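J.: I'm passing along model_34.cif; it holds mmCIF, C-alpha atoms.
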data_run
#
loop_
_atom_site.group_PDB
_atom_site.id
_atom_site.type_symbol
_atom_site.label_atom_id
_atom_site.label_comp_id
_atom_site.auth_asym_id
_atom_site.auth_seq_id
_atom_site.Cartn_x
_atom_site.Cartn_y
_atom_site.Cartn_z
ATOM 1 C CA MET P 1 -29.762 13.713 5.174
ATOM 2 C CA MET P 2 -28.439 15.178 8.383
ATOM 3 C CA LEU P 3 -27.342 11.739 9.538
ATOM 4 C CA LEU P 4 -25.125 11.288 6.487
ATOM 5 C CA GLU P 5 -23.355 14.556 7.206
ATOM 6 C CA ILE P 6 -22.751 13.616 10.824
ATOM 7 C CA ILE P 7 -21.292 10.267 9.709
ATOM 8 C CA PHE P 8 -19.159 11.914 7.048
ATOM 9 C CA TYR P 9 -17.687 14.609 9.270
ATOM 10 C CA SER P 10 -16.982 12.310 12.206
ATOM 11 C CA PHE P 11 -15.234 9.716 10.033
ATOM 12 C CA ALA P 12 -13.418 12.441 8.114
ATOM 13 C CA SER P 13 -11.977 13.833 11.337
ATOM 14 C CA VAL P 14 -10.969 10.327 12.421
ATOM 15 C CA LEU P 15 -9.294 9.804 9.029
ATOM 16 C CA ILE P 16 -7.344 13.055 9.273
ATOM 17 C CA CYS P 17 -6.236 12.321 12.844
ATOM 18 C CA ALA P 18 -5.178 8.794 11.869
ATOM 19 C CA SER P 19 -3.149 9.975 8.904
ATOM 20 C CA LEU P 20 -1.509 12.626 11.085
ATOM 21 C CA GLY P 21 -0.676 9.823 13.487
ATOM 22 C CA VAL P 22 1.059 7.899 10.695
ATOM 23 C CA ILE P 23 3.613 10.655 10.222
ATOM 24 C CA LEU P 24 3.887 11.865 13.816
ATOM 25 C CA PHE P 25 4.386 8.724 15.880
ATOM 26 C CA LYS P 26 7.974 7.869 16.692
ATOM 27 C CA ASN P 27 7.371 4.162 16.932
ATOM 28 C CA PRO P 28 6.752 2.539 13.521
ATOM 29 C CA VAL P 29 4.354 0.016 15.063
ATOM 30 C CA TYR P 30 2.093 2.841 16.227
ATOM 31 C CA SER P 31 2.293 4.341 12.740
ATOM 32 C CA ALA P 32 1.235 1.045 11.198
ATOM 33 C CA VAL P 33 -1.717 0.688 13.575
ATOM 34 C CA SER P 34 -2.699 4.266 12.833
ATOM 35 C CA LEU P 35 -2.571 3.507 9.116
ATOM 36 C CA ILE P 36 -4.859 0.530 9.706
ATOM 37 C CA LEU P 37 -7.333 2.885 11.375
ATOM 38 C CA ALA P 38 -7.063 5.230 8.388
ATOM 39 C CA PHE P 39 -7.817 2.376 5.979
ATOM 40 C CA ILE P 40 -10.837 1.211 7.940
ATOM 41 C CA THR P 41 -12.193 4.748 8.088
ATOM 42 C CA THR P 42 -11.632 5.157 4.363
ATOM 43 C CA GLY P 43 -13.559 1.947 3.763
ATOM 44 C CA LEU P 44 -16.468 3.285 5.799
ATOM 45 C CA LEU P 45 -16.433 6.524 3.834
ATOM 46 C CA TRP P 46 -16.473 4.521 0.595
ATOM 47 C CA LEU P 47 -19.592 2.785 1.867
ATOM 48 C CA LEU P 48 -21.096 6.252 2.093
ATOM 49 C CA LEU P 49 -20.227 6.731 -1.581
ATOM 50 C CA GLU P 50 -22.015 3.478 -2.494
ATOM 51 C CA ALA P 51 -18.858 1.620 -3.464
ATOM 52 C CA GLU P 52 -19.575 -1.361 -1.258
ATOM 53 C CA PHE P 53 -17.418 -3.944 -3.010
ATOM 54 C CA LEU P 54 -14.320 -1.767 -3.014
ATOM 55 C CA ALA P 55 -14.829 -0.869 0.636
ATOM 56 C CA ILE P 56 -14.814 -4.548 1.588
ATOM 57 C CA VAL P 57 -11.848 -5.215 -0.696
ATOM 58 C CA LEU P 58 -9.961 -2.323 0.877
ATOM 59 C CA VAL P 59 -10.460 -3.666 4.365
ATOM 60 C CA LEU P 60 -9.694 -7.265 3.367
ATOM 61 C CA VAL P 61 -6.669 -6.640 1.161
ATOM 62 C CA TYR P 62 -5.087 -3.702 2.939
ATOM 63 C CA VAL P 63 -5.841 -4.367 6.574
ATOM 64 C CA GLY P 64 -5.743 -8.124 6.200
ATOM 65 C CA ALA P 65 -2.721 -8.538 3.971
ATOM 66 C CA VAL P 66 -0.638 -5.457 3.310
ATOM 67 C CA MET P 67 -0.626 -4.008 6.803
ATOM 68 C CA VAL P 68 0.075 -7.409 8.340
ATOM 69 C CA LEU P 69 3.046 -7.582 5.972
ATOM 70 C CA PHE P 70 4.162 -4.144 7.136
ATOM 71 C CA LEU P 71 3.884 -5.155 10.789
ATOM 72 C CA PHE P 72 5.814 -8.376 10.126
ATOM 73 C CA VAL P 73 8.632 -6.452 8.464
ATOM 74 C CA ILE P 74 8.728 -3.857 11.252
ATOM 75 C CA MET P 75 8.999 -6.529 13.890
ATOM 76 C CA MET P 76 11.486 -8.566 11.846
ATOM 77 C CA LEU P 77 13.891 -5.696 11.292
ATOM 78 C CA ASN P 78 14.310 -4.857 14.975
ATOM 79 C CA ILE P 79 14.849 -1.144 14.574
ATOM 80 C CA ASN P 80 15.835 0.753 17.663
ATOM 81 C CA THR P 81 13.479 3.676 17.886
ATOM 82 C CA GLU P 82 15.677 5.775 20.101
ATOM 83 C CA GLU P 83 17.931 6.880 17.279
ATOM 84 C CA GLU P 84 15.084 8.137 15.204
ATOM 85 C CA LYS P 85 14.211 10.986 17.463
ATOM 86 C CA SER P 86 17.209 12.977 16.310
ATOM 87 C CA GLY P 87 17.219 14.569 12.907
ATOM 88 C CA PHE P 88 13.467 15.009 12.875
ATOM 89 C CA THR P 89 13.151 18.718 13.503
ATOM 90 C CA LYS P 90 15.633 20.162 11.036
ATOM 91 C CA ILE P 91 13.621 19.613 7.904
ATOM 92 C CA ALA P 92 10.226 19.711 9.609
ATOM 93 C CA PRO P 93 9.354 23.404 8.882
ATOM 94 C CA VAL P 94 10.081 22.905 5.179
ATOM 95 C CA ALA P 95 7.946 19.772 5.101
ATOM 96 C CA ILE P 96 5.037 21.396 6.921
ATOM 97 C CA PHE P 97 5.229 24.413 4.614
ATOM 98 C CA LEU P 98 5.212 22.133 1.578
ATOM 99 C CA GLY P 99 2.215 20.204 2.861
ATOM 100 C CA LEU P 100 0.291 23.391 3.621
ATOM 101 C CA VAL P 101 1.026 24.746 0.138
ATOM 102 C CA VAL P 102 -0.188 21.552 -1.541
ATOM 103 C CA ALA P 103 -3.342 21.441 0.595
ATOM 104 C CA ALA P 104 -4.078 25.133 -0.012
ATOM 105 C CA GLU P 105 -3.611 24.745 -3.767
ATOM 106 C CA LEU P 106 -5.896 21.743 -4.054
ATOM 107 C CA ILE P 107 -8.613 23.098 -1.790
ATOM 108 C CA ALA P 108 -8.554 26.496 -3.479
ATOM 109 C CA LEU P 109 -8.871 24.724 -6.830
ATOM 110 C CA PHE P 110 -11.967 22.923 -5.608
ATOM 111 C CA TRP P 111 -13.707 25.849 -3.980
ATOM 112 C CA ILE P 112 -12.902 28.764 -6.323
ATOM 113 C CA GLN P 113 -14.484 27.149 -9.354
ATOM 114 C CA SER P 114 -17.259 25.621 -7.359
ATOM 115 C CA GLU P 115 -19.994 26.156 -9.958
ATOM 116 C CA GLN P 116 -18.459 23.463 -12.171
ATOM 117 C CA PHE P 117 -18.494 20.992 -9.320
ATOM 118 C CA SER P 118 -22.030 21.837 -8.318
ATOM 119 C CA GLY P 119 -23.080 21.072 -11.886
ATOM 120 C CA VAL P 120 -21.403 17.700 -11.452
ATOM 121 C CA ALA P 121 -23.211 17.045 -8.208
ATOM 122 C CA SER P 122 -26.620 17.419 -9.795
ATOM 123 C CA LEU P 123 -25.948 14.427 -12.052
ATOM 124 C CA SER P 124 -25.929 12.044 -9.157
ATOM 125 C CA ASN P 125 -28.710 9.576 -8.756
ATOM 126 C CA SER P 126 -28.739 6.138 -7.301
ATOM 127 C CA ASP P 127 -28.551 4.202 -10.542
ATOM 128 C CA LEU P 128 -25.267 2.478 -9.749
ATOM 129 C CA SER P 129 -26.180 1.429 -6.273
ATOM 130 C CA SER P 130 -28.618 -1.348 -7.141
ATOM 131 C CA ASN P 131 -26.034 -4.132 -7.141
ATOM 132 C CA ASN P 132 -22.546 -2.751 -6.985
ATOM 133 C CA THR P 133 -20.685 -6.067 -7.094
ATOM 134 C CA LEU P 134 -22.700 -7.378 -10.042
ATOM 135 C CA LEU P 135 -22.173 -4.212 -12.057
ATOM 136 C CA LEU P 136 -18.494 -4.050 -11.228
ATOM 137 C CA GLY P 137 -17.961 -7.691 -12.109
ATOM 138 C CA THR P 138 -19.814 -7.325 -15.406
ATOM 139 C CA GLU P 139 -17.721 -4.316 -16.301
ATOM 140 C CA LEU P 140 -14.521 -6.028 -15.213
ATOM 141 C CA PHE P 141 -15.015 -9.258 -17.120
ATOM 142 C CA THR P 142 -16.269 -7.750 -20.367
ATOM 143 C CA LYS P 143 -14.806 -4.356 -21.047
ATOM 144 C CA TYR P 144 -11.649 -4.587 -18.958
ATOM 145 C CA ILE P 145 -10.794 -8.269 -19.335
ATOM 146 C CA LEU P 146 -7.324 -7.632 -20.775
ATOM 147 C CA SER P 147 -6.457 -5.270 -17.916
ATOM 148 C CA PHE P 148 -7.775 -7.847 -15.482
ATOM 149 C CA GLU P 149 -5.447 -10.504 -16.892
ATOM 150 C CA ILE P 150 -2.541 -8.074 -16.754
ATOM 151 C CA ALA P 151 -3.359 -7.340 -13.103
ATOM 152 C CA GLY P 152 -3.233 -11.044 -12.342
ATOM 153 C CA PHE P 153 0.107 -11.292 -14.107
ATOM 154 C CA ILE P 154 1.427 -8.351 -12.068
ATOM 155 C CA LEU P 155 0.479 -10.162 -8.876
ATOM 156 C CA LEU P 156 2.290 -13.305 -10.067
ATOM 157 C CA LEU P 157 5.312 -11.147 -10.859
ATOM 158 C CA ALA P 158 5.180 -9.668 -7.365
ATOM 159 C CA ILE P 159 5.218 -13.143 -5.827
ATOM 160 C CA ILE P 160 8.234 -14.227 -7.876
ATOM 161 C CA VAL P 161 10.156 -11.004 -7.292
ATOM 162 C CA SER P 162 9.624 -10.864 -3.538
ATOM 163 C CA ILE P 163 10.521 -14.524 -3.051
ATOM 164 C CA SER P 164 13.645 -14.242 -5.161
ATOM 165 C CA LEU P 165 14.690 -11.061 -3.360
ATOM 166 C CA THR P 166 14.364 -12.437 0.134
ATOM 167 C CA LEU P 167 15.399 -16.050 -0.407
ATOM 168 C CA ARG P 168 18.782 -16.866 0.982
ATOM 169 C CA SER P 169 20.640 -20.159 1.236
ATOM 170 C CA ARG P 170 22.284 -20.774 4.562
ATOM 171 C CA LYS P 171 25.614 -22.504 4.899
ATOM 172 C CA ASN P 172 26.210 -25.503 7.164
ATOM 173 C CA VAL P 173 22.645 -26.663 7.227
ATOM 174 C CA LYS P 174 21.984 -30.349 6.766
ATOM 175 C CA LYS P 175 19.488 -30.596 3.964
ATOM 176 C CA GLN P 176 18.900 -32.501 0.769
ATOM 177 C CA VAL P 177 20.040 -30.977 -2.493
ATOM 178 C CA ALA P 178 17.900 -32.501 -5.191
ATOM 179 C CA ARG P 179 20.243 -31.474 -7.995
ATOM 180 C CA ASP P 180 23.198 -33.321 -6.513
ATOM 181 C CA GLN P 181 21.073 -36.349 -5.758
ATOM 182 C CA ILE P 182 19.778 -36.632 -9.295
ATOM 183 C CA SER P 183 23.128 -36.077 -10.938
ATOM 184 C CA ALA P 184 24.871 -38.667 -8.785
ATOM 185 C CA ASP P 185 26.682 -41.235 -10.905
ATOM 186 C CA PRO P 186 26.812 -44.808 -9.588
ATOM 187 C CA LYS P 187 30.234 -45.322 -11.184
ATOM 188 C CA GLN P 188 31.733 -42.742 -8.828
ATOM 189 C CA ARG P 189 29.974 -43.939 -5.715
ATOM 190 C CA VAL P 190 30.251 -47.718 -5.895
ATOM 191 C CA ARG P 191 33.499 -49.523 -6.489
ATOM 192 C CA MET P 192 33.264 -53.100 -7.543
ATOM 193 C CA VAL P 193 35.857 -55.295 -5.874
ATOM 194 C CA ASP P 194 36.715 -58.814 -6.847
ATOM 195 C CA ILE P 195 36.960 -60.946 -3.773
ATOM 196 C CA LYS P 196 39.337 -63.853 -4.028
ATOM 197 C CA ARG P 197 38.054 -67.126 -2.961
ATOM 198 C CA GLY P 198 39.594 -68.412 0.214
ATOM 199 C CA GLY P 199 42.458 -70.794 -0.267
ATOM 200 C CA SER P 200 41.428 -73.697 1.897
ATOM 201 C CA MET U 201 -25.441 18.698 2.025
ATOM 202 C CA LEU U 202 -22.558 16.491 1.068
ATOM 203 C CA THR U 203 -21.224 17.718 -2.222
ATOM 204 C CA LEU U 204 -18.364 16.543 -4.361
ATOM 205 C CA GLN U 205 -16.176 19.250 -2.897
ATOM 206 C CA SER U 206 -16.373 17.863 0.636
ATOM 207 C CA TYR U 207 -14.997 14.515 -0.507
ATOM 208 C CA LEU U 208 -12.352 16.142 -2.702
ATOM 209 C CA THR U 209 -11.268 18.421 0.148
ATOM 210 C CA LEU U 210 -10.915 15.474 2.498
ATOM 211 C CA SER U 211 -8.800 13.581 0.000
ATOM 212 C CA ALA U 212 -6.680 16.700 -0.643
ATOM 213 C CA ILE U 213 -5.989 16.991 3.091
ATOM 214 C CA VAL U 214 -4.947 13.339 3.289
ATOM 215 C CA PHE U 215 -2.773 13.762 0.194
ATOM 216 C CA SER U 216 -0.938 16.748 1.669
ATOM 217 C CA ILE U 217 -0.425 14.861 4.935
ATOM 218 C CA GLY U 218 1.146 12.053 2.929
ATOM 219 C CA ILE U 219 3.478 14.446 1.096
ATOM 220 C CA THR U 220 4.484 16.069 4.398
ATOM 221 C CA GLY U 221 5.242 12.645 5.835
ATOM 222 C CA ILE U 222 7.458 11.710 2.914
ATOM 223 C CA VAL U 223 9.460 14.923 3.177
ATOM 224 C CA ILE U 224 9.637 15.047 6.972
ATOM 225 C CA ASN U 225 11.060 11.582 7.398
ATOM 226 C CA ARG U 226 14.769 10.963 7.171
ATOM 227 C CA LYS U 227 15.272 7.933 9.342
ATOM 228 C CA ASN U 228 12.856 5.239 8.374
ATOM 229 C CA ILE U 229 11.925 3.933 4.938
ATOM 230 C CA ILE U 230 8.919 2.039 6.298
ATOM 231 C CA ILE U 231 7.225 5.309 7.223
ATOM 232 C CA VAL U 232 7.913 6.595 3.711
ATOM 233 C CA MET U 233 6.193 3.525 2.257
ATOM 234 C CA MET U 234 3.241 4.013 4.580
ATOM 235 C CA CYS U 235 2.949 7.607 3.399
ATOM 236 C CA THR U 236 2.940 6.326 -0.179
ATOM 237 C CA GLU U 237 -0.018 4.167 0.801
ATOM 238 C CA LEU U 238 -1.720 7.290 2.176
ATOM 239 C CA LEU U 239 -1.200 9.086 -1.143
ATOM 240 C CA LEU U 240 -2.633 6.128 -3.053
ATOM 241 C CA ILE U 241 -5.653 5.937 -0.802
ATOM 242 C CA SER U 242 -6.421 9.633 -1.252
ATOM 243 C CA VAL U 243 -6.185 9.283 -5.040
ATOM 244 C CA ASN U 244 -8.524 6.299 -4.850
ATOM 245 C CA PHE U 245 -10.865 8.446 -2.790
ATOM 246 C CA ASN U 246 -10.965 10.974 -5.628
ATOM 247 C CA PHE U 247 -11.753 8.244 -8.150
ATOM 248 C CA ILE U 248 -14.591 6.858 -6.051
ATOM 249 C CA ALA U 249 -16.059 10.283 -5.350
ATOM 250 C CA PHE U 250 -16.090 11.167 -9.040
ATOM 251 C CA SER U 251 -17.483 7.739 -9.893
ATOM 252 C CA HIS U 252 -20.338 8.297 -7.471
ATOM 253 C CA PHE U 253 -21.158 11.816 -8.515
ATOM 254 C CA LEU U 254 -20.746 11.303 -12.258
ATOM 255 C CA ASN U 255 -22.660 8.030 -12.094
ATOM 256 C CA ASP U 256 -19.955 6.173 -14.000
ATOM 257 C CA LEU U 257 -18.526 2.826 -12.978
ATOM 258 C CA SER U 258 -15.152 3.175 -14.718
ATOM 259 C CA GLY U 259 -13.723 4.993 -11.729
ATOM 260 C CA GLN U 260 -14.377 2.029 -9.465
ATOM 261 C CA VAL U 261 -12.793 -0.363 -11.970
ATOM 262 C CA PHE U 262 -9.744 1.873 -12.024
ATOM 263 C CA VAL U 263 -9.593 1.858 -8.222
ATOM 264 C CA PHE U 264 -9.641 -1.938 -8.382
ATOM 265 C CA PHE U 265 -6.545 -1.961 -10.588
ATOM 266 C CA ILE U 266 -4.820 0.658 -8.453
ATOM 267 C CA LEU U 267 -5.387 -1.520 -5.382
ATOM 268 C CA THR U 268 -3.872 -4.509 -7.196
ATOM 269 C CA VAL U 269 -0.790 -2.628 -8.292
ATOM 270 C CA ALA U 270 -0.408 -1.026 -4.860
ATOM 271 C CA ALA U 271 -0.475 -4.406 -3.142
ATOM 272 C CA ALA U 272 2.193 -5.710 -5.534
ATOM 273 C CA GLU U 273 4.238 -2.568 -4.976
ATOM 274 C CA ALA U 274 4.064 -2.905 -1.204
ATOM 275 C CA ALA U 275 5.162 -6.552 -1.357
ATOM 276 C CA ILE U 276 8.121 -5.836 -3.639
ATOM 277 C CA GLY U 277 9.102 -2.733 -1.667
ATOM 278 C CA LEU U 278 9.125 -4.623 1.615
ATOM 279 C CA ALA U 279 11.166 -7.427 0.018
ATOM 280 C CA ILE U 280 13.722 -4.873 -1.157
ATOM 281 C CA LEU U 281 13.716 -3.399 2.347
ATOM 282 C CA VAL U 282 14.429 -6.780 3.941
ATOM 283 C CA ALA U 283 17.256 -7.455 1.470
ATOM 284 C CA LEU U 284 18.656 -3.990 2.169
ATOM 285 C CA TYR U 285 18.529 -4.469 5.912
ATOM 286 C CA ARG U 286 20.437 -7.735 5.582
ATOM 287 C CA ASN U 287 23.214 -5.979 3.710
ATOM 288 C CA LYS U 288 23.467 -2.666 5.550
ATOM 289 C CA LYS U 289 21.897 -3.319 8.976
ATOM 290 C CA SER U 290 20.067 -0.013 8.659
ATOM 291 C CA ILE U 291 16.966 1.327 6.937
ATOM 292 C CA SER U 292 17.725 5.018 7.300
ATOM 293 C CA VAL U 293 16.972 7.135 4.240
ATOM 294 C CA SER U 294 20.023 9.340 4.678
ATOM 295 C CA GLU U 295 22.452 6.420 4.704
ATOM 296 C CA LEU U 296 21.379 4.977 1.395
ATOM 297 C CA ASN U 297 24.361 5.912 -0.735
ATOM 298 C CA LYS U 298 25.609 2.536 -1.871
ATOM 299 C CA LEU U 299 25.263 3.424 -5.526
ATOM 300 C CA ARG U 300 27.511 6.451 -5.136
ATOM 301 C CA ASN U 301 31.125 6.076 -6.344
#
Is it possible to give me this structure as structure tokens?
T.:
Amino acid sequence: MMLLEIIFYSFASVLICASLGVILFKNPVYSAVSLILAFITTGLLWLLLEAEFLAIVLVLVYVGAVMVLFLFVIMMLNINTEEEKSGFTKIAPVAIFLGLVVAAELIALFWIQSEQFSGVASLSNSDLSSNNTLLLGTELFTKYILSFEIAGFILLLAIIVSISLTLRSRKNVKKQVARDQISADPKQRVRMVDIKRGGS
Amino acid sequence: MLTLQSYLTLSAIVFSIGITGIVINRKNIIIVMMCTELLLISVNFNFIAFSHFLNDLSGQVFVFFILTVAAAEAAIGLAILVALYRNKKSISVSELNKLRN
């Protein structure tokens, strides 16, 4: 039991430091790498909560896909980081005050009425942990099948939207245009000429 | 003893860090989107913690859908960002006033 607490507190401190790094680094690449560290740590903490499938999915989807997308966009946009150092300190006290107020409210909410939460904690036993992926899949494909289909449709929508937003047609590039090729009319292209027979 | 409150407190701290990051940042939309990801991950943390301690699998199913929608949101947001950078050559938050006038 002591081992679990050591794991929890060490990964929790890493998670907090990584998420502070996301907002404090000047260079967006460092922020993205710090966010990757935060995601991996969150996945490890979810393993502690016996949500094995979602921990793996978090690492695969977020670190493998979304953060790579973020890094691609950061490197594609070529932002000069020197300009960003100005204008950072003016609003910073307000932001820090706001964050402290939100944190204090939430934490006070959890710890003032702690008897309700301790009642919740006594319910826990390891019934769910037998085969997390099997249980989650059974739940997903029976009870939540309509939501699952809608989620797939949302992903399809995301593909179409992001392609149509970023697609651009360049001028002066030699390429085939299938529409023009199909709609070509032979009467306009080929002119039939009668050739007179030679007079010899 | 790891109780529900330890997990909830951790996710509350991450949530407030995300809110601070959104407010503190005036120059870079990418950082704002990363802070949105931080907020989503802390909310997912709450769902998983409650799912574990209440012994109910619906929380994990909900986290699954939140992850799906968040991935779609990140893709569309970055596409909008690329289109915006092509038009304005800048991704600063304080210069986004094209809809004004």
J.: For chain U against chain P, which residues fall within 8 Å using all atoms listed in the file, given as a VMD selection string?
T.: chain U and resid 201 to 205 208 to 210 212 to 221 223 to 228 230 to 231 234 to 235 238 241 245 248 to 249 252 to 257 260 to 261 263 to 265 267 to 269 271 to 276 278 to 280 282 to 283 285 290
J.: I need the chosen residues saved as a short mmCIF file (atom, residue, chain, number, x, y, z; two decimals), in the coordinates of the input, with C-alpha atoms.
T.:
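Heads up, here's the output in result27.cif:
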data_model
loop_
_atom_site.label_atom_id
_atom_site.label_comp_id
_atom_site.auth_asym_id
_atom_site.auth_seq_id
_atom_site.Cartn_x
_atom_site.Cartn_y
_atom_site.Cartn_z
CA MET U 201 -25.44 18.70 2.02
CA LEU U 202 -22.56 16.49 1.07
CA THR U 203 -21.22 17.72 -2.22
CA LEU U 204 -18.36 16.54 -4.36
CA GLN U 205 -16.18 19.25 -2.90
CA LEU U 208 -12.35 16.14 -2.70
CA THR U 209 -11.27 18.42 0.15
CA LEU U 210 -10.92 15.47 2.50
CA ALA U 212 -6.68 16.70 -0.64
CA ILE U 213 -5.99 16.99 3.09
CA VAL U 214 -4.95 13.34 3.29
CA PHE U 215 -2.77 13.76 0.19
CA SER U 216 -0.94 16.75 1.67
CA ILE U 217 -0.42 14.86 4.93
CA GLY U 218 1.15 12.05 2.93
CA ILE U 219 3.48 14.45 1.10
CA THR U 220 4.48 16.07 4.40
CA GLY U 221 5.24 12.64 5.84
CA VAL U 223 9.46 14.92 3.18
CA ILE U 224 9.64 15.05 6.97
CA ASN U 225 11.06 11.58 7.40
CA ARG U 226 14.77 10.96 7.17
CA LYS U 227 15.27 7.93 9.34
CA ASN U 228 12.86 5.24 8.37
CA ILE U 230 8.92 2.04 6.30
CA ILE U 231 7.22 5.31 7.22
CA MET U 234 3.24 4.01 4.58
CA CYS U 235 2.95 7.61 3.40
CA LEU U 238 -1.72 7.29 2.18
CA ILE U 241 -5.65 5.94 -0.80
CA PHE U 245 -10.86 8.45 -2.79
CA ILE U 248 -14.59 6.86 -6.05
CA ALA U 249 -16.06 10.28 -5.35
CA HIS U 252 -20.34 8.30 -7.47
CA PHE U 253 -21.16 11.82 -8.52
CA LEU U 254 -20.75 11.30 -12.26
CA ASN U 255 -22.66 8.03 -12.09
CA ASP U 256 -19.95 6.17 -14.00
CA LEU U 257 -18.53 2.83 -12.98
CA GLN U 260 -14.38 2.03 -9.46
CA VAL U 261 -12.79 -0.36 -11.97
CA VAL U 263 -9.59 1.86 -8.22
CA PHE U 264 -9.64 -1.94 -8.38
CA PHE U 265 -6.54 -1.96 -10.59
CA LEU U 267 -5.39 -1.52 -5.38
CA THR U 268 -3.87 -4.51 -7.20
CA VAL U 269 -0.79 -2.63 -8.29
CA ALA U 271 -0.48 -4.41 -3.14
CA ALA U 272 2.19 -5.71 -5.53
CA GLU U 273 4.24 -2.57 -4.98
CA ALA U 274 4.06 -2.90 -1.20
CA ALA U 275 5.16 -6.55 -1.36
CA ILE U 276 8.12 -5.84 -3.64
CA LEU U 278 9.12 -4.62 1.62
CA ALA U 279 11.17 -7.43 0.02
CA ILE U 280 13.72 -4.87 -1.16
CA VAL U 282 14.43 -6.78 3.94
CA ALA U 283 17.26 -7.46 1.47
CA TYR U 285 18.53 -4.47 5.91
CA SER U 290 20.07 -0.01 8.66
#
J.: Between CA of Phe262 in chain U and CA of Phe250 in chain U, what is the distance, to one decimal in Å?
T.: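 So the two atoms, CA of Phe262 in chain U and CA of Phe250 in chain U, lie 11.6 Å apart.
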J.: Please, what distance in Å, to one decimal, runs between CA of Leu37 in chain P and CA of Val68 in chain P?
T.: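 About the pair CA of Leu37 in chain P and CA of Val68 in chain P: they are 13.0 Å apart.
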J.: What gap, in Å, lies between CA of Ser211 in chain U and CA of Ser242 in chain U?
T.: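 Straight-line distance from CA of Ser211 in chain U to CA of Ser242 in chain U works out to 4.8 Å.
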J.: Output requested as a compact mmCIF listing (two decimals), keeping the file's coordinate frame - range 253-268 of chain U, filled out with N, CA and C atoms.
T.:
# COMPACT_ATOMS: atom_id res chain seq x y z
N PHE U 253 -20.41 10.62 -8.14
CA PHE U 253 -21.16 11.82 -8.52
C PHE U 253 -21.38 11.93 -10.01
N LEU U 254 -20.52 11.30 -10.81
CA LEU U 254 -20.75 11.30 -12.26
C LEU U 254 -21.55 10.10 -12.72
N ASN U 255 -21.85 9.20 -11.79
CA ASN U 255 -22.66 8.03 -12.09
C ASN U 255 -22.01 7.17 -13.17
N ASP U 256 -20.73 6.92 -13.02
CA ASP U 256 -19.95 6.17 -14.00
C ASP U 256 -19.12 5.14 -13.27
N LEU U 257 -19.17 3.90 -13.73
CA LEU U 257 -18.53 2.83 -12.98
C LEU U 257 -17.04 2.68 -13.29
N SER U 258 -16.55 3.36 -14.32
CA SER U 258 -15.15 3.18 -14.72
C SER U 258 -14.18 3.59 -13.62
N GLY U 259 -14.58 4.57 -12.82
CA GLY U 259 -13.72 4.99 -11.73
C GLY U 259 -13.50 3.88 -10.73
N GLN U 260 -14.54 3.12 -10.43
CA GLN U 260 -14.38 2.03 -9.46
C GLN U 260 -13.52 0.91 -10.03
N VAL U 261 -13.65 0.65 -11.35
CA VAL U 261 -12.79 -0.36 -11.97
C VAL U 261 -11.33 0.08 -11.88
N PHE U 262 -11.11 1.36 -12.10
CA PHE U 262 -9.74 1.87 -12.02
C PHE U 262 -9.19 1.75 -10.61
N VAL U 263 -10.04 2.02 -9.61
CA VAL U 263 -9.59 1.86 -8.22
C VAL U 263 -9.21 0.41 -7.94
N PHE U 264 -9.96 -0.51 -8.53
CA PHE U 264 -9.64 -1.94 -8.38
C PHE U 264 -8.23 -2.23 -8.87
N PHE U 265 -7.88 -1.70 -10.05
CA PHE U 265 -6.54 -1.96 -10.59
C PHE U 265 -5.48 -1.25 -9.77
N ILE U 266 -5.80 -0.06 -9.28
CA ILE U 266 -4.82 0.66 -8.45
C ILE U 266 -4.54 -0.12 -7.18
N LEU U 267 -5.59 -0.71 -6.60
CA LEU U 267 -5.39 -1.52 -5.38
C LEU U 267 -4.49 -2.72 -5.67
N THR U 268 -4.71 -3.35 -6.83
CA THR U 268 -3.87 -4.51 -7.20
C THR U 268 -2.41 -4.11 -7.30
